[in-house]
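Heads up, work30.cif below (mmCIF, C-alpha atoms):
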```cif
data_input
loop_
_atom_site.group_PDB
_atom_site.id
_atom_site.type_symbol
_atom_site.label_atom_id
_atom_site.label_comp_id
_atom_site.auth_asym_id
_atom_site.auth_seq_id
_atom_site.Cartn_x
_atom_site.Cartn_y
_atom_site.Cartn_z
ATOM 1 C CA MET K 1 -37.081 -19.758 -74.835
ATOM 2 C CA ALA K 2 -38.420 -23.075 -73.455
ATOM 3 C CA ALA K 3 -34.842 -24.251 -72.913
ATOM 4 C CA GLU K 4 -34.064 -21.119 -70.893
ATOM 5 C CA VAL K 5 -37.141 -21.567 -68.715
ATOM 6 C CA ALA K 6 -36.346 -25.236 -68.086
ATOM 7 C CA GLY K 7 -32.742 -24.353 -67.246
ATOM 8 C CA ALA K 8 -33.853 -21.634 -64.828
ATOM 9 C CA VAL K 9 -36.035 -24.183 -63.011
ATOM 10 C CA GLU K 10 -32.994 -26.408 -62.508
ATOM 11 C CA ILE K 11 -30.844 -23.488 -61.306
ATOM 12 C CA ARG K 12 -33.542 -22.470 -58.808
ATOM 13 C CA GLY K 13 -33.770 -25.969 -57.370
ATOM 14 C CA ALA K 14 -29.983 -26.275 -57.119
ATOM 15 C CA LEU K 15 -29.726 -22.996 -55.183
ATOM 16 C CA ALA K 16 -32.266 -24.210 -52.638
ATOM 17 C CA ARG K 17 -30.357 -27.491 -52.199
ATOM 18 C CA LEU K 18 -27.078 -25.606 -51.877
ATOM 19 C CA ARG K 19 -28.385 -23.411 -49.063
ATOM 20 C CA ARG K 20 -29.878 -26.399 -47.228
ATOM 21 C CA ALA K 21 -26.657 -28.415 -47.485
ATOM 22 C CA THR K 22 -24.278 -25.623 -46.447
ATOM 23 C CA GLY K 23 -26.246 -23.179 -44.337
ATOM 24 C CA LEU K 24 -25.078 -20.339 -46.588
ATOM 25 C CA PRO K 25 -27.509 -17.428 -46.291
ATOM 26 C CA ILE K 26 -27.205 -16.353 -49.941
ATOM 27 C CA ALA K 27 -27.186 -18.223 -53.222
ATOM 28 C CA PHE K 28 -27.743 -17.015 -56.754
ATOM 29 C CA GLY K 29 -26.972 -18.041 -60.299
ATOM 30 C CA GLY K 30 -27.920 -18.135 -63.936
ATOM 31 C CA LEU K 31 -27.235 -19.520 -67.381
ATOM 32 C CA VAL K 32 -24.870 -18.460 -70.122
ATOM 33 C CA GLU K 33 -26.777 -16.392 -72.681
ATOM 34 C CA ALA K 34 -27.121 -17.982 -76.102
ATOM 35 C CA GLY K 35 -24.448 -16.728 -78.464
ATOM 36 C CA ARG K 36 -22.838 -14.465 -75.854
ATOM 37 C CA PRO K 37 -19.843 -15.030 -73.525
ATOM 38 C CA ARG K 38 -21.705 -13.958 -70.407
ATOM 39 C CA VAL K 39 -23.909 -15.310 -67.636
ATOM 40 C CA ARG K 40 -27.212 -13.629 -66.845
ATOM 41 C CA ILE K 41 -28.024 -13.839 -63.113
ATOM 42 C CA SER K 42 -31.687 -14.832 -63.075
ATOM 43 C CA GLU K 43 -32.257 -16.729 -59.818
ATOM 44 C CA LEU K 44 -31.785 -15.295 -56.305
ATOM 45 C CA SER K 45 -32.193 -17.095 -52.968
ATOM 46 C CA GLY K 46 -31.793 -15.426 -49.587
ATOM 47 C CA THR K 47 -30.973 -11.979 -50.954
ATOM 48 C CA ASN K 48 -32.222 -8.760 -49.339
ATOM 49 C CA THR K 49 -32.064 -6.619 -52.476
ATOM 50 C CA THR K 50 -32.506 -7.010 -56.227
ATOM 51 C CA SER K 51 -29.088 -5.547 -57.015
ATOM 52 C CA LEU K 52 -27.861 -8.822 -58.540
ATOM 53 C CA ARG K 53 -30.992 -9.656 -60.548
ATOM 54 C CA SER K 54 -30.409 -9.666 -64.316
ATOM 55 C CA LEU K 55 -26.734 -8.794 -63.824
ATOM 56 C CA ALA K 56 -24.750 -9.806 -66.928
ATOM 57 C CA VAL K 57 -21.403 -11.317 -65.913
ATOM 58 C CA THR K 58 -18.927 -11.365 -68.777
ATOM 59 C CA SER K 59 -16.472 -14.248 -69.092
ATOM 60 C CA GLY K 60 -13.243 -13.334 -67.308
ATOM 61 C CA ASN K 61 -14.750 -10.523 -65.232
ATOM 62 C CA GLY K 62 -15.384 -10.758 -61.498
ATOM 63 C CA LEU K 63 -15.485 -14.065 -59.639
ATOM 64 C CA GLY K 64 -18.210 -15.681 -61.756
ATOM 65 C CA GLY K 65 -16.578 -14.565 -64.982
ATOM 66 C CA LYS K 66 -13.316 -16.095 -63.789
ATOM 67 C CA ALA K 67 -15.108 -19.395 -63.067
ATOM 68 C CA VAL K 68 -16.579 -19.305 -66.583
ATOM 69 C CA ALA K 69 -13.222 -18.547 -68.224
ATOM 70 C CA LEU K 70 -11.373 -21.263 -66.281
ATOM 71 C CA ALA K 71 -14.285 -23.743 -66.222
ATOM 72 C CA ARG K 72 -13.540 -24.522 -62.569
ATOM 73 C CA PRO K 73 -14.757 -23.416 -59.115
ATOM 74 C CA CYS K 74 -13.372 -20.171 -57.688
ATOM 75 C CA ALA K 75 -13.741 -18.514 -54.284
ATOM 76 C CA VAL K 76 -12.647 -15.348 -52.453
ATOM 77 C CA THR K 77 -12.754 -14.535 -48.753
ATOM 78 C CA ASP K 78 -13.424 -10.827 -49.139
ATOM 79 C CA TYR K 79 -14.837 -9.882 -52.541
ATOM 80 C CA SER K 80 -14.242 -6.151 -52.508
ATOM 81 C CA GLU K 81 -10.638 -6.486 -51.295
ATOM 82 C CA SER K 82 -9.587 -9.508 -53.355
ATOM 83 C CA ARG K 83 -6.693 -9.111 -55.783
ATOM 84 C CA GLN K 84 -7.511 -12.413 -57.465
ATOM 85 C CA ILE K 85 -10.410 -10.996 -59.480
ATOM 86 C CA SER K 86 -11.391 -7.884 -61.409
ATOM 87 C CA HIS K 87 -13.935 -5.540 -59.838
ATOM 88 C CA GLU K 88 -16.517 -4.576 -62.478
ATOM 89 C CA TYR K 89 -19.392 -5.750 -60.222
ATOM 90 C CA ASP K 90 -18.343 -4.301 -56.855
ATOM 91 C CA ILE K 91 -21.361 -1.956 -56.617
ATOM 92 C CA PRO K 92 -24.160 -4.587 -56.896
ATOM 93 C CA VAL K 93 -22.164 -7.023 -54.736
ATOM 94 C CA ALA K 94 -21.663 -4.389 -52.042
ATOM 95 C CA ALA K 95 -25.342 -3.395 -52.205
ATOM 96 C CA GLU K 96 -26.228 -6.942 -51.165
ATOM 97 C CA GLY K 97 -23.591 -6.859 -48.400
ATOM 98 C CA ILE K 98 -21.699 -9.842 -49.800
ATOM 99 C CA ARG K 99 -18.156 -10.546 -48.610
ATOM 100 C CA SER K 100 -17.128 -14.213 -48.981
ATOM 101 C CA VAL K 101 -18.240 -15.805 -52.261
ATOM 102 C CA LEU K 102 -17.775 -19.002 -54.223
ATOM 103 C CA ALA K 103 -18.696 -19.556 -57.870
ATOM 104 C CA VAL K 104 -19.054 -22.985 -59.462
ATOM 105 C CA PRO K 105 -19.500 -23.376 -63.227
ATOM 106 C CA VAL K 106 -22.094 -25.698 -64.714
ATOM 107 C CA VAL K 107 -20.229 -27.547 -67.465
ATOM 108 C CA VAL K 108 -21.975 -29.733 -70.044
ATOM 109 C CA ARG K 109 -19.903 -31.499 -72.685
ATOM 110 C CA ARG K 110 -16.919 -29.248 -71.940
ATOM 111 C CA ARG K 111 -18.968 -26.082 -72.399
ATOM 112 C CA VAL K 112 -19.891 -23.792 -69.504
ATOM 113 C CA ARG K 113 -23.676 -23.408 -69.428
ATOM 114 C CA GLY K 114 -24.161 -21.505 -66.178
ATOM 115 C CA VAL K 115 -22.789 -20.552 -62.755
ATOM 116 C CA LEU K 116 -23.955 -21.179 -59.181
ATOM 117 C CA TYR K 117 -22.860 -18.781 -56.434
ATOM 118 C CA GLY K 118 -22.933 -19.145 -52.653
ATOM 119 C CA ALA K 119 -22.082 -16.259 -50.334
ATOM 120 C CA LEU K 120 -21.712 -14.919 -46.809
ATOM 121 C CA ARG K 121 -22.104 -11.395 -45.490
ATOM 122 C CA THR K 122 -18.942 -11.837 -43.424
ATOM 123 C CA ALA K 123 -15.336 -12.166 -44.575
ATOM 124 C CA GLN K 124 -14.364 -15.725 -43.646
ATOM 125 C CA PRO K 125 -12.996 -18.720 -45.567
ATOM 126 C CA LEU K 126 -15.492 -21.051 -47.210
ATOM 127 C CA GLY K 127 -14.299 -24.556 -46.374
ATOM 128 C CA ASP K 128 -13.978 -27.703 -48.459
ATOM 129 C CA ARG K 129 -17.342 -29.024 -47.262
ATOM 130 C CA THR K 130 -19.118 -25.929 -48.532
ATOM 131 C CA LEU K 131 -17.278 -26.015 -51.849
ATOM 132 C CA GLY K 132 -18.036 -29.725 -52.225
ATOM 133 C CA ALA K 133 -21.756 -29.115 -51.686
ATOM 134 C CA ALA K 134 -21.710 -26.340 -54.291
ATOM 135 C CA VAL K 135 -19.955 -28.604 -56.797
ATOM 136 C CA ALA K 136 -22.542 -31.338 -56.129
ATOM 137 C CA ALA K 137 -25.376 -28.878 -56.762
ATOM 138 C CA ALA K 138 -23.751 -27.838 -60.048
ATOM 139 C CA ARG K 139 -23.424 -31.497 -61.075
ATOM 140 C CA ASP K 140 -27.168 -31.940 -60.514
ATOM 141 C CA VAL K 141 -27.837 -29.070 -62.915
ATOM 142 C CA GLU K 142 -25.380 -30.506 -65.440
ATOM 143 C CA GLN K 143 -27.144 -33.881 -65.441
ATOM 144 C CA ALA K 144 -30.540 -32.218 -65.816
ATOM 145 C CA LEU K 145 -29.322 -30.145 -68.779
ATOM 146 C CA VAL K 146 -27.905 -33.265 -70.448
ATOM 147 C CA VAL K 147 -31.305 -34.952 -70.110
ATOM 148 C CA GLN K 148 -33.051 -31.880 -71.524
ATOM 149 C CA ASP K 149 -30.625 -31.738 -74.465
ATOM 150 C CA GLU K 150 -31.254 -35.406 -75.206
ATOM 151 C CA ALA K 151 -34.995 -34.891 -74.955
ATOM 152 C CA ARG K 152 -34.974 -31.984 -77.404
ATOM 153 C CA GLY K 153 -32.815 -33.955 -79.813
ATOM 154 C CA LEU K 154 -35.249 -36.856 -79.690
ATOM 155 C CA LEU K 155 -38.196 -34.503 -80.127
ATOM 156 C CA ALA K 156 -36.601 -32.987 -83.208
ATOM 157 C CA ALA K 157 -35.837 -36.412 -84.638
ATOM 158 C CA ALA K 158 -39.280 -37.772 -83.819
ATOM 159 C CA ARG K 159 -41.379 -35.003 -85.387
ATOM 160 C CA PRO K 160 -42.684 -36.454 -88.646
ATOM 161 C CA GLU K 161 -42.123 -34.567 -91.892
ATOM 162 C CA PRO K 162 -45.315 -33.532 -93.708
ATOM 163 C CA ALA K 163 -46.689 -36.161 -96.056
ATOM 164 C CA VAL K 164 -44.018 -38.689 -95.054
ATOM 165 C CA VAL K 165 -45.192 -42.055 -93.736
ATOM 166 C CA PRO K 166 -42.560 -44.445 -92.351
ATOM 167 C CA GLY K 167 -42.202 -47.538 -94.451
ATOM 168 C CA PRO K 168 -41.677 -51.087 -93.199
ATOM 169 C CA GLY K 169 -38.446 -52.349 -91.706
ATOM 170 C CA GLY K 170 -35.715 -49.985 -90.568
ATOM 171 C CA ALA K 171 -37.782 -46.804 -90.680
ATOM 172 C CA TRP K 172 -40.377 -48.176 -88.274
ATOM 173 C CA GLU K 173 -37.671 -49.540 -85.993
ATOM 174 C CA GLN K 174 -36.231 -46.034 -85.705
ATOM 175 C CA VAL K 175 -39.679 -44.690 -84.811
ATOM 176 C CA ARG K 176 -40.092 -47.381 -82.148
ATOM 177 C CA GLU K 177 -36.680 -46.674 -80.637
ATOM 178 C CA ALA K 178 -37.435 -42.940 -80.553
ATOM 179 C CA HIS K 179 -40.781 -43.641 -78.884
ATOM 180 C CA ALA K 180 -39.156 -45.802 -76.207
ATOM 181 C CA ALA K 181 -36.369 -43.279 -75.589
ATOM 182 C CA LEU K 182 -38.825 -40.390 -75.251
ATOM 183 C CA ARG K 183 -40.912 -42.308 -72.713
ATOM 184 C CA ALA K 184 -37.785 -43.225 -70.737
ATOM 185 C CA LEU K 185 -36.647 -39.597 -70.577
ATOM 186 C CA ALA K 186 -40.000 -38.088 -69.606
ATOM 187 C CA PRO K 187 -39.944 -38.980 -65.869
ATOM 188 C CA ARG K 188 -36.460 -37.443 -65.533
ATOM 189 C CA ILE K 189 -37.590 -34.013 -66.787
ATOM 190 C CA ALA K 190 -38.280 -31.579 -63.938
ATOM 191 C CA ASP K 191 -39.866 -28.905 -66.139
ATOM 192 C CA PRO K 192 -43.569 -29.832 -66.547
ATOM 193 C CA GLY K 193 -43.884 -28.048 -69.897
ATOM 194 C CA LEU K 194 -41.042 -29.970 -71.508
ATOM 195 C CA ARG K 195 -42.256 -33.224 -69.950
ATOM 196 C CA ALA K 196 -45.737 -32.679 -71.395
ATOM 197 C CA GLU K 197 -44.206 -31.918 -74.795
ATOM 198 C CA LEU K 198 -42.244 -35.173 -74.668
ATOM 199 C CA LEU K 199 -45.327 -37.225 -73.840
ATOM 200 C CA ALA K 200 -47.307 -35.432 -76.544
ATOM 201 C CA ALA K 201 -44.585 -36.367 -79.030
ATOM 202 C CA CYS K 202 -44.932 -39.972 -77.904
ATOM 203 C CA GLY K 203 -48.616 -39.748 -78.789
ATOM 204 C CA LEU K 204 -47.762 -38.514 -82.285
ATOM 205 C CA LEU K 205 -45.705 -41.643 -82.862
ATOM 206 C CA THR K 206 -48.564 -44.015 -82.080
ATOM 207 C CA PRO K 207 -51.597 -44.581 -84.324
ATOM 208 C CA SER K 208 -54.904 -43.331 -83.014
ATOM 209 C CA ALA K 209 -57.153 -46.090 -81.771
ATOM 210 C CA PRO K 210 -60.412 -44.873 -80.213
ATOM 211 C CA GLY K 211 -61.801 -47.218 -77.556
ATOM 212 C CA SER K 212 -58.688 -49.349 -77.656
ATOM 213 C CA GLY K 213 -59.434 -51.472 -74.597
ATOM 214 C CA ALA K 214 -56.510 -52.214 -72.241
ATOM 215 C CA ALA K 215 -55.059 -49.271 -70.365
ATOM 216 C CA LEU K 216 -51.460 -49.758 -69.293
ATOM 217 C CA ALA K 217 -49.778 -47.916 -66.433
ATOM 218 C CA PRO K 218 -47.029 -45.490 -67.578
ATOM 219 C CA ARG K 219 -44.189 -47.763 -66.421
ATOM 220 C CA GLU K 220 -45.816 -50.820 -68.025
ATOM 221 C CA LEU K 221 -45.933 -48.934 -71.306
ATOM 222 C CA ASP K 222 -42.329 -47.739 -70.848
ATOM 223 C CA VAL K 223 -41.158 -51.333 -70.445
ATOM 224 C CA LEU K 224 -43.231 -52.592 -73.359
ATOM 225 C CA ALA K 225 -41.961 -49.785 -75.599
ATOM 226 C CA TRP K 226 -38.367 -50.912 -75.088
ATOM 227 C CA VAL K 227 -39.348 -54.571 -75.533
ATOM 228 C CA ALA K 228 -40.964 -53.586 -78.841
ATOM 229 C CA ALA K 229 -37.681 -51.940 -79.845
ATOM 230 C CA GLY K 230 -35.893 -55.271 -79.278
ATOM 231 C CA ALA K 231 -34.349 -54.671 -75.838
ATOM 232 C CA THR K 232 -33.799 -57.523 -73.371
ATOM 233 C CA ASN K 233 -35.112 -57.274 -69.810
ATOM 234 C CA ALA K 234 -31.597 -56.431 -68.593
ATOM 235 C CA ALA K 235 -31.251 -53.667 -71.187
ATOM 236 C CA VAL K 236 -34.698 -52.295 -70.314
ATOM 237 C CA ALA K 237 -33.737 -52.224 -66.633
ATOM 238 C CA GLU K 238 -30.561 -50.276 -67.398
ATOM 239 C CA ARG K 239 -32.301 -47.742 -69.629
ATOM 240 C CA LEU K 240 -35.151 -47.111 -67.195
ATOM 241 C CA GLY K 241 -33.071 -47.234 -64.016
ATOM 242 C CA LEU K 242 -35.042 -50.201 -62.656
ATOM 243 C CA ARG K 243 -34.157 -53.614 -61.240
ATOM 244 C CA PRO K 244 -34.520 -56.548 -63.669
ATOM 245 C CA GLU K 245 -37.102 -58.132 -61.337
ATOM 246 C CA THR K 246 -39.140 -54.923 -61.449
ATOM 247 C CA VAL K 247 -39.045 -54.934 -65.240
ATOM 248 C CA LYS K 248 -40.319 -58.527 -65.260
ATOM 249 C CA GLY K 249 -43.149 -57.522 -62.938
ATOM 250 C CA TYR K 250 -44.236 -54.640 -65.173
ATOM 251 C CA LEU K 251 -44.005 -56.869 -68.239
ATOM 252 C CA ARG K 252 -46.125 -59.625 -66.625
ATOM 253 C CA SER K 253 -48.747 -57.072 -65.626
ATOM 254 C CA ALA K 254 -48.860 -55.604 -69.165
ATOM 255 C CA MET K 255 -49.187 -59.101 -70.671
ATOM 256 C CA ARG K 256 -52.068 -59.914 -68.326
ATOM 257 C CA LYS K 257 -53.936 -56.704 -69.215
ATOM 258 C CA LEU K 258 -53.415 -57.305 -72.925
ATOM 259 C CA GLY K 259 -54.446 -60.962 -72.718
ATOM 260 C CA ALA K 260 -51.024 -62.059 -74.003
ATOM 261 C CA HIS K 261 -48.948 -65.097 -73.068
ATOM 262 C CA THR K 262 -45.593 -64.033 -74.542
ATOM 263 C CA ARG K 263 -43.603 -60.827 -74.955
ATOM 264 C CA GLY K 264 -44.231 -60.901 -78.695
ATOM 265 C CA GLU K 265 -47.973 -61.286 -78.251
ATOM 266 C CA ALA K 266 -48.027 -58.373 -75.818
ATOM 267 C CA VAL K 267 -46.202 -56.130 -78.282
ATOM 268 C CA SER K 268 -48.528 -57.148 -81.119
ATOM 269 C CA ALA K 269 -51.604 -56.515 -78.985
ATOM 270 C CA ALA K 270 -50.308 -53.098 -77.912
ATOM 271 C CA ARG K 271 -49.691 -52.141 -81.544
ATOM 272 C CA ARG K 272 -53.172 -53.293 -82.580
ATOM 273 C CA THR K 273 -54.751 -51.124 -79.900
ATOM 274 C CA GLY K 274 -52.645 -48.092 -80.761
ATOM 275 C CA LEU K 275 -50.577 -48.088 -77.567
ATOM 276 C CA LEU K 276 -47.308 -48.588 -79.461
ATOM 277 C CA PRO K 277 -46.089 -47.531 -82.928
#
```

Let me see the structure of the file written as structure tokens.
Amino acid sequence: MAAEVAGAVEIRGALARLRRATGLPIAFGGLVEAGRPRVRISELSGTNTTSLRSLAVTSGNGLGGKAVALARPCAVTDYSESRQISHEYDIPVAAEGIRSVLAVPVVVRRRVRGVLYGALRTAQPLGDRTLGAAVAAARDVEQALVVQDEARGLLAAARPEPAVVPGPGGAWEQVREAHAALRALAPRIADPGLRAELLAACGLLTPSAPGSGAALAPRELDVLAWVAAGATNAAVAERLGLRPETVKGYLRSAMRKLGAHTRGEAVSAARRTGLLP
């Protein structure tokens, strides 16, 4: 359920960006239902009716179903008259007054996860610029879903089993890498609930240390977490999407707050105070 809510947030944002970029008066979309070959239209933008809300579009049927089946963008100039698609959804489409429509699939790891639609109430061709903007909006959703998938995978891997305490060596290194990866992903998560869950999981991976002294800024802790996992400054910069000089600045600031003179001392101090696993 949390995954569906997070995905709906991304769809909603993409529809708003699509309308701004193209000037299209109508946009709508939704995600593929789990275990079913159909898209559930959940998000509407610019519509005058609710005729499309909760509409289940089966793969292969209508314009959106065709986009799902082919895993590529599709468009028609006049929906009700088009011979390129089947017409199972003519009634709700006509109720909204839609004529020209495009449908762009959201594809993650070769699997269609949703569809974005843009539409006009007049029968006229939708040009390459409009289609390009719709494809770009779908790519944004795809990237967000990839990040969410990675985050959930890390959360599942990071949750400790009951009565199991990581031993020295490799087991702790895996915990430290998971901690660093979770912190790196958190700022990229748009859904506040999932982001909070990620940061809470980070807290589970660090020992409790009441009154632990130095308080590091989030980015300082992000950098130090990757340093603790053995990453170089260049690798940290790549993983966090920062410039190497920025990484050095965060690391120097963390060292100063922790009273450390080297990277190793900073990591040791952070572990002693419970900031790092």

>> Env of Val112 (chain K): 8 Å cut, atoms = only C-alpha atoms, seq-sep filter 2 positions within chain, self excluded. Answer as a ChimeraX atom specification.
In response: /K:32,68,71,105-108,110,114

> Leaving out Leu216 (chain K) and any residue of its chain fewer than 3 positions from it, which residues lie within 10 Å of it when counting only C-alpha atoms, given as a list in words?
Replying inline: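 Selected residues are Gly213, Arg219, Glu220, Leu221, Asp222, Leu224, Tyr250, Ser253, Ala254, Met255, Lys257, Leu258, Ala270 and Leu275 of chain K.
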
> Can you list what the PyMOL selection byres ((chain K and resi 97) around 12) grabs from this structure, as a PyMOL selection string?
Replying inline: chain K and resi 25-26+46-52+78-80+90-96+98-101+119-123

> At what distance in Å, to one decimal, does CA of Glu43 (chain K) lie from CA of Asp149 (chain K)?
Replying inline: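 Interatomic distance here is 21.0 Å.
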
> What does the distance from CA of Ala196 (chain K) to CA of Ala151 (chain K) come to in Å, to one decimal?
Replying inline: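 Distance reported for this atom pair: 11.5 Å.
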
Return the padded bounding box of region 251-265 of chain K as AutoDock Vina command-line options: axis-aligned, built from all atoms listed in the file, 6 Å added on each side, with centre and edge lengths in Å to one decimal.
```
--center_x -49.0 --center_y -60.4 --center_z -72.2 --size_x 22.8 --size_y 21.5 --size_z 25.1
```

> CA of Val115 (chain K) to CA of Ile85 (chain K): how many Å, to one decimal?
Replying inline: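 CA of Ile85 (chain K) lies at a distance of 16.0 Å from CA of Val115 (chain K).
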
>> Applying 10 Å and all atoms listed in the file, which residues near Arg252 (chain K) remain after dropping the ones on its own chain fewer than 5 positions away? List them as a list in words.
In response: Glu220, Thr246, Val247, Lys257, Leu258, Ala260, His261, Thr262, Arg263 and Ala266 of chain K

Next, write the just-selected residues to a file, as a PDB file, in the coordinates of the input, keeping C-alpha atoms as the atom set.
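This went into again_15.pdb:
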```
ATOM      1  CA  GLU K 220     -45.816 -50.820 -68.025  1.00  0.00           C
ATOM      2  CA  THR K 246     -39.140 -54.923 -61.449  1.00  0.00           C
ATOM      3  CA  VAL K 247     -39.045 -54.934 -65.240  1.00  0.00           C
ATOM      4  CA  LYS K 257     -53.936 -56.704 -69.215  1.00  0.00           C
ATOM      5  CA  LEU K 258     -53.415 -57.305 -72.925  1.00  0.00           C
ATOM      6  CA  ALA K 260     -51.024 -62.059 -74.003  1.00  0.00           C
ATOM      7  CA  HIS K 261     -48.948 -65.097 -73.068  1.00  0.00           C
ATOM      8  CA  THR K 262     -45.593 -64.033 -74.542  1.00  0.00           C
ATOM      9  CA  ARG K 263     -43.603 -60.827 -74.955  1.00  0.00           C
ATOM     10  CA  ALA K 266     -48.027 -58.373 -75.818  1.00  0.00           C
TER      11      ALA K 266
END
```

>> Starting from the PyMOL selection byres ((chain K and resi 144) around 9), expand the selection into actual residues of this file and give them as a ChimeraX atom specification.
In response: /K:7,10,139-143,145-149,188-190

Could you write out the selected residues, including C-alpha atoms, as a compact mmCIF listing (two decimals), keeping the file's coordinate frame?
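Dumped to selection-v4.txt:
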```txt
# COMPACT_ATOMS: atom_id res chain seq x y z
CA GLY K 7 -32.74 -24.35 -67.25
CA GLU K 10 -32.99 -26.41 -62.51
CA ARG K 139 -23.42 -31.50 -61.08
CA ASP K 140 -27.17 -31.94 -60.51
CA VAL K 141 -27.84 -29.07 -62.92
CA GLU K 142 -25.38 -30.51 -65.44
CA GLN K 143 -27.14 -33.88 -65.44
CA LEU K 145 -29.32 -30.14 -68.78
CA VAL K 146 -27.90 -33.26 -70.45
CA VAL K 147 -31.30 -34.95 -70.11
CA GLN K 148 -33.05 -31.88 -71.52
CA ASP K 149 -30.62 -31.74 -74.46
CA ARG K 188 -36.46 -37.44 -65.53
CA ILE K 189 -37.59 -34.01 -66.79
CA ALA K 190 -38.28 -31.58 -63.94
```

>> Using only C-alpha atoms - which residues lie no farther than 9 Å from the point (-18.2, -17.4, -66.1) in the file's frame? Write them as a PyMOL selection string.
In response: chain K and resi 32+37-39+57-71+103-105+112-115

> Using all atoms listed in the file, which residues sit within 12 Å of Asp128 (chain K) once same-chain residues fewer than 2 positions away are excluded, as a VMD selection string?
Replying inline: chain K and resid 22 73 to 75 102 125 to 126 130 to 135

> Which of these residues is nearest to Leu18 (chain K), using only C-alpha atoms: K:Gly35, K:Ser45, K:Ser86, K:Ala181?
Replying inline: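 Looking at the shortest contact to Leu18 (chain K), the residue is K:Ser45.
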
If the PyMOL selection byres ((chain K and resi 40) around 6) were run on this exact file, what residues would it hold? Put them as a PDB file with C-alpha atoms, in the coordinates of the input.
```
ATOM      1  CA  GLY K  30     -27.920 -18.135 -63.936  1.00  0.00           C
ATOM      2  CA  LEU K  31     -27.235 -19.520 -67.381  1.00  0.00           C
ATOM      3  CA  VAL K  39     -23.909 -15.310 -67.636  1.00  0.00           C
ATOM      4  CA  ILE K  41     -28.024 -13.839 -63.113  1.00  0.00           C
ATOM      5  CA  SER K  42     -31.687 -14.832 -63.075  1.00  0.00           C
ATOM      6  CA  SER K  54     -30.409  -9.666 -64.316  1.00  0.00           C
ATOM      7  CA  LEU K  55     -26.734  -8.794 -63.824  1.00  0.00           C
ATOM      8  CA  ALA K  56     -24.750  -9.806 -66.928  1.00  0.00           C
TER       9      ALA K  56
END
```

> Pick from K:Glu81, K:Ala228, K:Gly264, K:Val223: nearest to Gly249 (chain K), with all atoms listed in the file counted?
Replying inline: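 Of K:Glu81, K:Ala228, K:Gly264, K:Val223, the one nearest Gly249 (chain K), counting all atoms listed in the file, is K:Val223.
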